[in-house]
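What follows is a single structure, written as structure tokens, with notes after it.
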Amino acid sequence: MDAIVEAALKKWPNVPHCYGWLALDARGDWYMRDERIQAAGPFPQVKGSRVTHEKLRQFIARNYAADESGCWFFQNGPQRVYLQLEAAPWVFRLGAELLQDGLVHTHTDLSCSVSSTWLDEQDRLFLSTPLGLGLVHSMDMDWAARAVEAGLWEPLASTHAELLGRHGVRLNPGA
């Protein structure tokens with residue numbers, strides 16, 4: 001977490017949490033969801049405005065975490081902004097380093113190893129990692145297939161709900 005964020009938490013410890021204003025889609029993109037967008041429909045049917053400003057994306061990524069109940073949030077200064085998740089809290093990108101050293105990369109630019117792999121009822125590939133549960137980005141399925149062919153991964157079948165429960169993830173925290 002950024003030092004400036006930690007300082008703001010100490011200075012203003014009782015700022016109310018925020019719900020519904022930020023979301024993460026299955027491709028690792030952050031979306032701002034103002035009151036008008038929230039009224040127009042649920043996420044991900046109505047996504048909102050994709051966050052494209054690189055410095056803001058980096059700030060969100062550095063201050064992204066989960067609470068003890070499995071809800072994911074962005075600590076924006078003293079305010080905790082809870083996220084709606086389309087599929088999982090992490091979206092993993094794969095590349096040549098997967099076959100070289102077994103590492104995958106998150107949408108927040110963290111690297112980690114893979115503990116297990118899962119296919120849900122929609123044939124989406126999820127990874128269990130030391131960081132938690134994440135979805136493989138749809139553009140990287142060729143690398144995932146190479147990992148399976150190389151014997152690095154043996155995906156097991158599961159439902160999305162079972163995966164979320166097993167990893168303690170809540171997709172849509174409420175106020």
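Quick note on naming: the chains in the structure tokens go A, B, ... in the order shown, residues restart at 1 in each chain, and ligands are numbered from 1 in order of appearance.
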Q: Please return as a PyMOL selection string: the residues of segment 23-154 of chain A that backbone DSSP assigns to alpha helix (DSSP H).
A: chain A and resi 35-40+54-62+96-101+141-149
Given only C-alpha atoms, how would the per-residue table for segment 114-158 of chain A near segment 48-69 of chain A read, listing every residue at most 12 Å away with its closest atom pair and distance in Å to one decimal, sorted by chain and number, as a Markdown table?
```
| residue | atom | partner | partner_atom | distance |
| --- | --- | --- | --- | --- |
| A:Leu131 | CA | A:Ala65 | CA | 10.1 |
| A:Gly132 | CA | A:Ala66 | CA | 10.1 |
| A:Leu133 | CA | A:Ala66 | CA | 11.9 |
```
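Reported to one decimal place, the separation of atom CA of Ala96 of chain A from atom CA of Val169 of chain A is 29.0 Å.
Using only C-alpha atoms, the smallest distance between any of A:Leu119, A:Leu103, A:Ala3, A:Leu24 and Trp143 of chain A comes from A:Leu103.
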Q: Going by DSSP on the backbone, which bits of chain A are strand (DSSP E or B)? Write them as a VMD selection string, please.
A: chain A and resid 18 to 24 30 to 32 49 to 50 64 to 66 72 to 76 79 to 85 90 to 93 104 to 106 111 to 112 116 to 119 125 to 129 132 to 136 156 to 157
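The residue set within 8 Å of Thr117 of chain A, counting only C-alpha atoms and dropping same-chain residues fewer than 3 places from it, reads Val114, Leu125, Phe126, Leu127, Ser128, Trp153, Glu154, Pro155 and Leu156 of chain A.
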May I have the residues from that selection written out with C-alpha atoms, as a compact mmCIF listing (two decimals), in the first residue's frame?
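After the write, out00.txt holds the following:
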```txt
# COMPACT_ATOMS: atom_id res chain seq x y z
CA VAL A 114 0.53 -21.75 -9.97
CA LEU A 125 -9.60 -21.59 -16.90
CA PHE A 126 -8.93 -20.55 -13.30
CA LEU A 127 -5.62 -20.73 -11.46
CA SER A 128 -5.03 -21.19 -7.76
CA TRP A 153 -0.97 -28.17 -15.63
CA GLU A 154 -3.78 -30.71 -15.35
CA PRO A 155 -7.01 -28.71 -15.01
CA LEU A 156 -9.69 -30.24 -12.81
```
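Distances from A:Met1, A:Ala23, A:Met139, A:Ala147 to Asn172 of chain A were compared using only C-alpha atoms, and the smallest one belongs to A:Ala23.
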Q: Determine, counting only C-alpha atoms, which protein, DNA and RNA residues have an atom within 10 Å of an atom of Gly20 of chain A; residues of the same chain fewer than 6 positions away are not included. Present the result as a PyMOL selection string.
A: chain A and resi 32-35+37-38+42-43+81-84+172-175
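If you look at atom CA of Met141 of chain A and atom CA of His160 of chain A, they are 18.1 Å away from each other.
Taking only C-alpha atoms, the non-local environment of Asp120 of chain A within 7 Å (same-chain residues fewer than 3 positions away omitted) comprises Asp123, Arg124, Leu125, Ala157, Ser158, Thr159 and His160 of chain A.
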Would you put the residues from that selection into a file with C-alpha atoms, as a PDB file, in the first residue's frame?
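Output file part_1.pdb is given in full below:
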```
ATOM      1  CA  ASP A 123     -14.854 -23.794 -19.727  1.00  0.00           C
ATOM      2  CA  ARG A 124     -13.047 -20.794 -18.237  1.00  0.00           C
ATOM      3  CA  LEU A 125      -9.596 -21.595 -16.896  1.00  0.00           C
ATOM      4  CA  ALA A 157     -13.426 -29.679 -13.241  1.00  0.00           C
ATOM      5  CA  SER A 158     -15.306 -27.434 -10.827  1.00  0.00           C
ATOM      6  CA  THR A 159     -18.179 -24.994 -10.817  1.00  0.00           C
ATOM      7  CA  HIS A 160     -17.516 -21.289 -10.572  1.00  0.00           C
TER       8      HIS A 160
END
```
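Considering the residues A:His107, A:Arg80, A:Arg170, A:Arg93 and counting only C-alpha atoms, Asp29 of chain A has its shortest atom-to-atom contact with A:His107.
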(Q) I want to know what sits within 12 Å of segment 97-99 of chain A, based on only C-alpha atoms, with residues of the same chain fewer than 5 positions away left out; could you give that as an MDAnalysis selection string? (A) chainID A and resid 92 104:105 111:114 140 142:153
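The shortest atom-to-atom distance to Leu171 of chain A, with only C-alpha atoms taken into account, belongs to A:Pro89 out of A:His137, A:Ser115, A:Pro89, A:Glu121.
Among the candidates A:Leu94, A:Leu110, A:Ile4, A:Ala88, the residue lying nearest to Leu163 of chain A is A:Ala88 (atoms considered: only C-alpha atoms).
What separates atom CA of Gly134 of chain A from atom CA of Trp21 of chain A is a distance of 21.5 Å.
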